[in-house]
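Worksheet: one structure, shown below.
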Number of protein chains: 2
Amino acid sequence: MTDKQPIVIAIDAMGGDHAPDCVIGGLKRASEKFGYIRFLIFGDEKKVRPCIDKYGLSADVYTFVHTDNAVPPDEKPGVALRTRRESSMWMAIEAVKDGRASAVVSSGNTGALMALSKIILGTLPAIHRPAILAQMPTRHGVCTCLDLGANAQCDARNLVEFAVMGEVFSRVVMGKKVPSVALLNIGSERTKGLDEIKEAAEILENSHSDTREFKGFVEADQIGENVVDVIVSDGFSGNVMLKAIEGTAKLILRLFKDFRGSGVWGFLSFVFAIPVLLKLKKKMDPRLYNGGMLIGLKGISIKSHGGTDEIGFANAVGVAVHTVEQDLLGQITENMSKVVFPEAEAQAASDNA
Amino acid sequence: MTDKQPIVIAIDAMGGDHAPDCVIGGLKRASEKFGYIRFLIFGDEKKVRPCIDKYGLSADVYTFVHTDNAVPPDEKPGVALRTRRESSMWMAIEAVKDGRASAVVSSGNTGALMALSKIILGTLPAIHRPAILAQMPTRHGVCTCLDLGANAQCDARNLVEFAVMGEVFSRVVMGKKVPSVALLNIGSERTKGLDEIKEAAEILENSHSDTREFKGFVEADQIGENVVDVIVSDGFSGNVMLKAIEGTAKLILRLFKDFRGSGVWGFLSFVFAIPVLLKLKKKMDPRLYNGGMLIGLKGISIKSHGGTDEIGFANAVGVAVHTVEQDLLGQITENMSKVVFPEAEAQAASDNA
C-alpha cells in the first residue's frame with residue numbers, strides 16, 4: 001500500500017484464449033506490483049470465482065460484477081455493437097465512460113473492442129480516427145507501431161495524428177524522452193510512395209516539436225534495427241507488416257526444427273540450441289511487452305494480446321496505469337494543438353472539432 | 001549441345017553488387033545447364049573481359065557489346081530514363097525490343113529496370129500495369145508474390161491482372177499444374193479490407209479458369225505455410241511484406257548470435273547449430289530461387305537479385321529460358337481474355353486495348 005490515490009481499472013475477464021484464468025492471474029501480479037490499483041472485474045461468476053480463489057486475489061483490491069454474456073473471439077464488430085450491450089467487454093468500457101474506472105483492459109476480440117470503445121467512449125476532439133497501437137520486437141528492445149488495422153485507408157491528417165499519438169505513447173509508456181518517429185514507406189527517398197505519406201511527412205517537418213524527432217521514412221526491413229522508436233502507417237500496411245513479422249518468426253523457428261536433422265548431431269544441435277531458441281521465442285513473442293492500445297479515444301482502452309498469459313496481462317495492466325498516471329490523453333490533445341496543418345486542412349480540422 | 005533452336009538472352013553485365021563477376025560466373029553455369037542458349041552481353045570491356053577469361057566462358061556462347069555507361073544502383077528511374085540511353089541496361093532491353101534477344105536479365109537497379117523496360121518494350125495489350133514478381137520462402141518451397149513495388153496504388157482490375165500473371169508464372173516457371181491464387185488482405189472474412197480487393201475477389205470468382213484455383217483472401221502471417229502458390233497485392237503492401245520478411249529473418253539470425261552467450265555452452269550451441277543456421281540462411285536467402293520478373297511487358301525482363309552470386313544469376317537466366325520456351329506472354333494474353341469483368345470495367349478495358 002502506498003499513499004497514492006487508488007486507480008480503478010475496469011477488467012473484461014472473459015476475453016482472450018486463456019480467460020479468465022490468465023486474466024485473474026495477471027491481476028494478482030499487477031496488484032502486487034502496483035499497491036494502489038483497484039479492479040472492477042466484469043465476467044461470468046461461475047468461471048471467474050474459481051480463478052479468484054485459485055490465485056488468492058484479495059477482496060480489498062477488486063469489485064466483481066457478474067454477467068454471463070461475452071463477445072466471442074470471431075464475432076464481427078457490427079454484430080457485437082448491436083447485440084453485446086450485456087457483455088463483459090461492453091460493461092467494462094462503460095465503466096470508463098461513467099467515470100467508475102480510469103481505464104479498461106481486455107484480451108478479447110480486437111475489432112469488437114475498437115468498435116465498442118469508439119461508440120461508448122467517443123474519439124478525442126483533436127483526433128479524427130483512433131488507431132491500434134502495439135510493440136514490435138527489435139534487436140535491442142521494441143518499437144511502437146500504429147495503426148495496425150483499425151483504418152485500412154488513411155489520409156495525411158490521419159497519419160499525422162498517429163505520429164503524435166505514437167510519440168506520446170512512446171514517451172509515457174516506453175520511457176523515451178524524445179521519441180524518434182518515421183512513416184512506413186517503400187523507399188527512403190522523398191519521391192517514393194503514396195501521396196498521403198509524402199504530405200504527412202511535410203506536415204510533420206513543418207511542425208517542430210521539442211518532444212518528437214521526425215526522421216522521415218522508414219522501410220519495413222529496418223524495423224528490427226532500432227532506427228526509430230515509433231513507426232507510423234495506415235492500418236492495412238501496418239497489419240501486413242505485423243502479420244509478416246509474426247509469420248516469418250513462426251516459419252524460422254519451425255524451419256529450425258525441420259532442419260536440425262536426426263541422429264546424434266541433430267539431437268545435440270537441438271539440445272545446445274534450446275536456451276537460444278527459448279530466448280528467441282520470448283523475444284519474438286508479444287506477451288512480454290504486451291499492452292497494445294486503442295489510442296485516440298476519450299478514455300484509455302488497452303488491448304492485451306489474445307494469446308497472452310498472466311505475465312502479459314499484468315504488463316497490459318501496467319500500461320493502463322502508466323497512461324492514466326501520466327495523463328496520456330491530455331498530452332495527445334496538447335501535442336496535436338502544436339501541429340501546423342496546411343490551411344485547407346486546418347479549416348477542415350476546426351469544422352470537425 | 002542439343003538440337004534445340006538457340007535462345008538468345010540479353011545480359012546487362014554491369015548491374016548488381018558483384019557485377020560483372022557473378023554475372024559472368026552465372027552465365028558460365030547457365031551455359032553448362034542449357035546447351036542451346038546464347039548470350040548477348042552488354043558491359044564495360046575493361047571489367048567484363050577479365051571475368052570472361054576467369055570463368056572460361058566459351059566464345060561460341062556469347063557476343064559482347066562494349067559500353068562504359070551503366071545505371072548506378074541508386075539512380076532515380078526518371079533520371080535513368082532521360083540519361084542512360086547508352087547504358088548496358090538500356091542496350092540489353094533494346095536488344096529484346098529489336099528481336100535480337102528473346103529476354104533480358106539484369107541484377108541492376110529495379111526501379112530503373114522497370115521504367116526502362118516499360119518505355120522500351122511497352123505493356124502487353126491485355127495488361128494495364130506491369131508488376132514486379134518474386135518468390136518468397138515457405139516451409140516446403142516458395143510462394144510467388146506480386147506486385148512487390150511497381151504500383152503503390154492499384155485498382156481491382158490491376159489486382160486481377162496480377163492474379164492472372166502470377167498464375168501463369170507459377171505454372172510456367174514453378175511447375176505448378178493448377179496454381180492456387182489468393183489476394184493479400186487483413187482478414188480472411190469477406191467483409192474485411194479495401195474495396196478494390198473485395199471487387200477483385202468478386203471478378204476472380206466470376207471468372208472460372210481450369211488453370212487457376214482462386215482461394216479468396218490470405219493474411220501475411222500465412223505466407224510461410226504453403227497455403228497458396230501465388231499471393232497478389234498492390235505494390236505498397238507487397239513491398240512492405242517483402243521487406244518485413246527480409247528484416248525479420250535478418251533480425252532472428254542476428255539474435256541467434258546475440259543470444260547464444262559466451263563460454264563453453266555458447267561455443268557448443270553455435271558449433272552444433274552451424275548446419276541448421278546455414279540451411280536457414282540459404283532458405284531465407286532469395287538467391288537460390290532467384291529470378292524475379294517484371295511481368296506484363298511486351299517482352300521478357302528478368303530481375304535478378306542485386307546481392308546475388310553466380311548460382312543465383314544462373315537461376316535467373318533459367319527463369320528467362322523457361323518463360324521464353326513456354327510462351328509466358330502468349331499464355332498471359334490468352335488467360336486475360338477469359339476474365340469476366342463487370343460491364344463498365346470491360347468497356348474501359350477495350351477502350352484501353
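Letters for chains follow the order of the C-alpha cells (A, B, ...), residue numbers begin at 1 for each chain, and ligand numbers begin at 1 in the order shown.
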
Q) What are the residues of chain A that have an atom within 8 Å of an atom of chain B, counting only C-alpha atoms, as an NGL selection string? A) :A and (138-139 or 149 or 152-153 or 185-186 or 193-194 or 219-225 or 236-237 or 239-241 or 243-249 or 251-252 or 254-256 or 259-260 or 265 or 268-270 or 272-273 or 275-277 or 279-280)

**Q.** DSSP-assigned strand (DSSP E) among stretch 94-150 of chain A, expressed as JSON, numbers by chain
**A.** {"A": [103, 104, 105, 106, 131, 132, 133, 134, 135, 136, 137, 138, 141, 142, 143, 144, 145, 146]}

Any chance you can output those residues with N, CA, C and O atoms as an mmCIF file, in the first residue's frame?
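Once everything was written out, this is selection-v3.cif:
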data_model
loop_
_atom_site.group_PDB
_atom_site.id
_atom_site.type_symbol
_atom_site.label_atom_id
_atom_site.label_comp_id
_atom_site.auth_asym_id
_atom_site.auth_seq_id
_atom_site.Cartn_x
_atom_site.Cartn_y
_atom_site.Cartn_z
ATOM 1 N N ALA A 103 -9.534 3.267 -16.780
ATOM 2 C CA ALA A 103 -9.076 2.594 -17.996
ATOM 3 C C ALA A 103 -9.734 1.231 -18.061
ATOM 4 O O ALA A 103 -10.190 0.708 -17.038
ATOM 5 N N VAL A 104 -9.780 0.668 -19.276
ATOM 6 C CA VAL A 104 -10.292 -0.692 -19.434
ATOM 7 C C VAL A 104 -9.192 -1.538 -20.069
ATOM 8 O O VAL A 104 -8.456 -1.057 -20.930
ATOM 9 N N VAL A 105 -9.076 -2.796 -19.622
ATOM 10 C CA VAL A 105 -8.131 -3.738 -20.225
ATOM 11 C C VAL A 105 -8.897 -4.978 -20.653
ATOM 12 O O VAL A 105 -9.667 -5.535 -19.864
ATOM 13 N N SER A 106 -8.701 -5.406 -21.906
ATOM 14 C CA SER A 106 -9.365 -6.606 -22.417
ATOM 15 C C SER A 106 -8.422 -7.381 -23.324
ATOM 16 O O SER A 106 -7.661 -6.790 -24.084
ATOM 17 N N ALA A 131 -6.569 4.623 -33.486
ATOM 18 C CA ALA A 131 -5.724 3.619 -34.130
ATOM 19 C C ALA A 131 -5.396 2.490 -33.164
ATOM 20 O O ALA A 131 -5.518 2.646 -31.947
ATOM 21 N N ILE A 132 -4.970 1.360 -33.723
ATOM 22 C CA ILE A 132 -4.483 0.246 -32.901
ATOM 23 C C ILE A 132 -2.961 0.349 -32.839
ATOM 24 O O ILE A 132 -2.299 0.407 -33.877
ATOM 25 N N LEU A 133 -2.447 0.372 -31.623
ATOM 26 C CA LEU A 133 -1.011 0.539 -31.397
ATOM 27 C C LEU A 133 -0.461 -0.702 -30.693
ATOM 28 O O LEU A 133 -1.120 -1.266 -29.832
ATOM 29 N N ALA A 134 0.727 -1.136 -31.081
ATOM 30 C CA ALA A 134 1.380 -2.237 -30.360
ATOM 31 C C ALA A 134 2.890 -2.133 -30.496
ATOM 32 O O ALA A 134 3.393 -1.284 -31.238
ATOM 33 N N GLN A 135 3.594 -3.002 -29.770
ATOM 34 C CA GLN A 135 5.049 -3.012 -29.796
ATOM 35 C C GLN A 135 5.546 -4.142 -30.690
ATOM 36 O O GLN A 135 5.015 -5.241 -30.643
ATOM 37 N N MET A 136 6.584 -3.876 -31.474
ATOM 38 C CA MET A 136 7.218 -4.920 -32.290
ATOM 39 C C MET A 136 8.630 -5.162 -31.755
ATOM 40 O O MET A 136 9.311 -4.216 -31.361
ATOM 41 N N PRO A 137 9.090 -6.415 -31.813
ATOM 42 C CA PRO A 137 10.426 -6.712 -31.312
ATOM 43 C C PRO A 137 11.518 -6.121 -32.207
ATOM 44 O O PRO A 137 11.393 -6.096 -33.432
ATOM 45 N N THR A 138 12.588 -5.627 -31.589
ATOM 46 C CA THR A 138 13.770 -5.173 -32.326
ATOM 47 C C THR A 138 14.991 -5.785 -31.659
ATOM 48 O O THR A 138 14.867 -6.457 -30.633
ATOM 49 N N GLY A 141 15.354 -4.071 -28.040
ATOM 50 C CA GLY A 141 14.171 -3.559 -27.365
ATOM 51 C C GLY A 141 12.930 -3.756 -28.203
ATOM 52 O O GLY A 141 12.736 -4.812 -28.796
ATOM 53 N N VAL A 142 12.107 -2.728 -28.238
ATOM 54 C CA VAL A 142 10.889 -2.789 -29.041
ATOM 55 C C VAL A 142 10.688 -1.466 -29.764
ATOM 56 O O VAL A 142 11.349 -0.476 -29.479
ATOM 57 N N CYS A 143 9.747 -1.490 -30.690
ATOM 58 C CA CYS A 143 9.406 -0.311 -31.471
ATOM 59 C C CYS A 143 7.883 -0.183 -31.434
ATOM 60 O O CYS A 143 7.170 -1.176 -31.571
ATOM 61 N N THR A 144 7.397 1.026 -31.214
ATOM 62 C CA THR A 144 5.957 1.263 -31.143
ATOM 63 C C THR A 144 5.405 1.458 -32.556
ATOM 64 O O THR A 144 5.921 2.296 -33.303
ATOM 65 N N CYS A 145 4.401 0.687 -32.933
ATOM 66 C CA CYS A 145 3.850 0.780 -34.289
ATOM 67 C C CYS A 145 2.352 1.053 -34.257
ATOM 68 O O CYS A 145 1.633 0.472 -33.458
ATOM 69 N N LEU A 146 1.890 1.926 -35.143
ATOM 70 C CA LEU A 146 0.472 2.168 -35.331
ATOM 71 C C LEU A 146 0.251 2.776 -36.712
ATOM 72 O O LEU A 146 1.189 3.366 -37.241
#

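By only C-alpha atoms, and with residues fewer than 3 positions from stretch 11-16 of chain A along its chain excluded, the set lying at most 7 Å from it is Ala19, Pro20, Val23, Phe39, Leu40, Ile41, Phe42, Gly43, Ala70, Ser88, Met89, Ala92, Val104, Val105, Ser106, Ser107, Gly108, Gly306 and Gly307 of chain A.
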
Q. How many Å separate atom CA of B:Val79 from atom CA of B:Met91?
A. 16.2 Å

Q) Contacts of A:Ile332 at 8 Å or less, counting only C-alpha atoms, minus same-chain residues fewer than 3 places along, as number ranges by chain? A) A: 164-165, 168, 328-329, 335-336

Let me see the file: selected residues, all heavy atoms, as an mmCIF file, in the first residue's frame.
data_model
loop_
_atom_site.group_PDB
_atom_site.id
_atom_site.type_symbol
_atom_site.label_atom_id
_atom_site.label_comp_id
_atom_site.auth_asym_id
_atom_site.auth_seq_id
_atom_site.Cartn_x
_atom_site.Cartn_y
_atom_site.Cartn_z
ATOM 1 N N VAL A 164 1.681 11.712 -33.779
ATOM 2 C CA VAL A 164 1.644 12.412 -32.486
ATOM 3 C C VAL A 164 1.257 11.441 -31.371
ATOM 4 O O VAL A 164 1.884 11.406 -30.299
ATOM 5 C CB VAL A 164 0.660 13.608 -32.542
ATOM 6 C CG1 VAL A 164 0.436 14.193 -31.157
ATOM 7 C CG2 VAL A 164 1.193 14.672 -33.500
ATOM 8 N N MET A 165 0.263 10.612 -31.618
ATOM 9 C CA MET A 165 -0.187 9.669 -30.585
ATOM 10 C C MET A 165 0.914 8.657 -30.262
ATOM 11 O O MET A 165 1.144 8.309 -29.106
ATOM 12 C CB MET A 165 -1.470 8.968 -31.031
ATOM 13 C CG MET A 165 -2.647 9.934 -31.192
ATOM 14 S SD MET A 165 -4.267 9.119 -31.327
ATOM 15 C CE MET A 165 -4.169 8.337 -32.938
ATOM 16 N N VAL A 168 3.592 10.304 -28.085
ATOM 17 C CA VAL A 168 3.179 10.467 -26.688
ATOM 18 C C VAL A 168 3.216 9.115 -25.972
ATOM 19 O O VAL A 168 3.734 8.998 -24.858
ATOM 20 C CB VAL A 168 1.767 11.106 -26.600
ATOM 21 C CG1 VAL A 168 1.283 11.109 -25.152
ATOM 22 C CG2 VAL A 168 1.784 12.525 -27.165
ATOM 23 N N LEU A 328 -1.931 10.581 -20.506
ATOM 24 C CA LEU A 328 -1.660 10.382 -21.925
ATOM 25 C C LEU A 328 -2.632 11.154 -22.818
ATOM 26 O O LEU A 328 -2.232 11.789 -23.798
ATOM 27 C CB LEU A 328 -1.728 8.885 -22.248
ATOM 28 C CG LEU A 328 -1.515 8.503 -23.706
ATOM 29 C CD1 LEU A 328 -0.255 7.658 -23.856
ATOM 30 C CD2 LEU A 328 -2.697 7.726 -24.259
ATOM 31 N N LEU A 329 -3.921 11.141 -22.435
ATOM 32 C CA LEU A 329 -4.914 11.799 -23.299
ATOM 33 C C LEU A 329 -4.692 13.307 -23.356
ATOM 34 O O LEU A 329 -4.769 13.920 -24.425
ATOM 35 C CB LEU A 329 -6.331 11.477 -22.820
ATOM 36 C CG LEU A 329 -6.671 9.978 -22.728
ATOM 37 C CD1 LEU A 329 -8.153 9.789 -22.419
ATOM 38 C CD2 LEU A 329 -6.307 9.247 -24.014
ATOM 39 N N ASN A 335 -0.254 18.090 -27.689
ATOM 40 C CA ASN A 335 0.697 17.994 -28.800
ATOM 41 C C ASN A 335 0.032 18.147 -30.168
ATOM 42 O O ASN A 335 0.636 18.646 -31.106
ATOM 43 C CB ASN A 335 1.476 16.679 -28.728
ATOM 44 C CG ASN A 335 2.556 16.743 -27.676
ATOM 45 O OD1 ASN A 335 2.474 17.544 -26.752
ATOM 46 N ND2 ASN A 335 3.581 15.924 -27.815
ATOM 47 N N MET A 336 -1.225 17.712 -30.264
ATOM 48 C CA MET A 336 -1.937 17.905 -31.529
ATOM 49 C C MET A 336 -2.133 19.393 -31.801
ATOM 50 O O MET A 336 -2.113 19.827 -32.950
ATOM 51 C CB MET A 336 -3.309 17.204 -31.501
ATOM 52 C CG MET A 336 -3.304 15.734 -31.868
ATOM 53 S SD MET A 336 -2.537 15.339 -33.472
ATOM 54 C CE MET A 336 -3.631 16.217 -34.607
#

**Q.** Atomic separation - atom CA of A:Pro73 relative to atom CA of A:Asp17, Å
**A.** 8.5 Å

Q. Can you list, as an NGL selection string, every protein, DNA or RNA residue that comes within 6 Å of A:Cys51 when you count only C-alpha atoms, leaving out same-chain residues fewer than 3 positions away?
A. :A and (21 or 48 or 54)

Atoms kept (N, CA and C atoms) for selection, written as an mmCIF file, in the first residue's frame:
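Result written to part-v4.cif:
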data_model
loop_
_atom_site.group_PDB
_atom_site.id
_atom_site.type_symbol
_atom_site.label_atom_id
_atom_site.label_comp_id
_atom_site.auth_asym_id
_atom_site.auth_seq_id
_atom_site.Cartn_x
_atom_site.Cartn_y
_atom_site.Cartn_z
ATOM 1 N N ASP A 21 -8.656 -17.385 -16.611
ATOM 2 C CA ASP A 21 -7.528 -17.793 -15.760
ATOM 3 C C ASP A 21 -6.355 -16.799 -15.810
ATOM 4 N N VAL A 48 -15.195 -17.062 -13.126
ATOM 5 C CA VAL A 48 -14.196 -16.142 -12.571
ATOM 6 C C VAL A 48 -13.895 -16.448 -11.102
ATOM 7 N N LYS A 54 -8.256 -19.432 -6.784
ATOM 8 C CA LYS A 54 -7.002 -20.099 -7.144
ATOM 9 C C LYS A 54 -5.802 -19.179 -6.923
#

(Q) What parts of stretch 46-207 of chain B does DSSP call helix (DSSP H, G or I)? I'd like the answer as an MDAnalysis selection string. (A) chainID B and resid 46:55 59:61 77:83 88:97 110:121 156:172 195:206

**Q.** Selection: 9 Å around A:Gly78, only C-alpha atoms, excl. self and same-chain fewer than 4 positions, as JSON, numbers by chain
**A.** {"A": [82, 83, 112, 115]}

Dump as a PDB file, in the first residue's frame, selection limited to N, CA and C atoms:
ATOM      1  N   ARG A  82     -24.435  -4.338 -32.070  1.00  0.00           N
ATOM      2  CA  ARG A  82     -25.894  -4.435 -31.993  1.00  0.00           C
ATOM      3  C   ARG A  82     -26.372  -5.317 -30.845  1.00  0.00           C
ATOM      4  N   THR A  83     -25.569  -6.323 -30.462  1.00  0.00           N
ATOM      5  CA  THR A  83     -26.118  -7.367 -29.585  1.00  0.00           C
ATOM      6  C   THR A  83     -25.392  -7.580 -28.254  1.00  0.00           C
ATOM      7  N   ALA A 112     -14.024  -5.898 -32.171  1.00  0.00           N
ATOM      8  CA  ALA A 112     -15.171  -5.553 -31.325  1.00  0.00           C
ATOM      9  C   ALA A 112     -14.761  -4.533 -30.273  1.00  0.00           C
ATOM     10  N   ALA A 115     -14.611  -1.203 -31.982  1.00  0.00           N
ATOM     11  CA  ALA A 115     -15.939  -0.688 -32.344  1.00  0.00           C
ATOM     12  C   ALA A 115     -16.688  -0.224 -31.099  1.00  0.00           C
TER      13      ALA A 115
END

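The shell of residues at most 8 Å from B:Val339, with only C-alpha atoms counted and near chain neighbours (fewer than 5 positions) removed, consists of Ile203, Leu204, Ser207 and His208 of chain B.
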
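With only C-alpha atoms as the basis for measurement, B:Ser102 is the residue among B:Phe313, B:Ser102, B:Asp147, B:Ala59 that approaches B:Glu325 most closely.
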
Q. Which is closer to B:Ser233 than all the others in B:Ser170, B:Ser58, B:Ser117, B:Asn158, using only C-alpha atoms?
A. B:Asn158
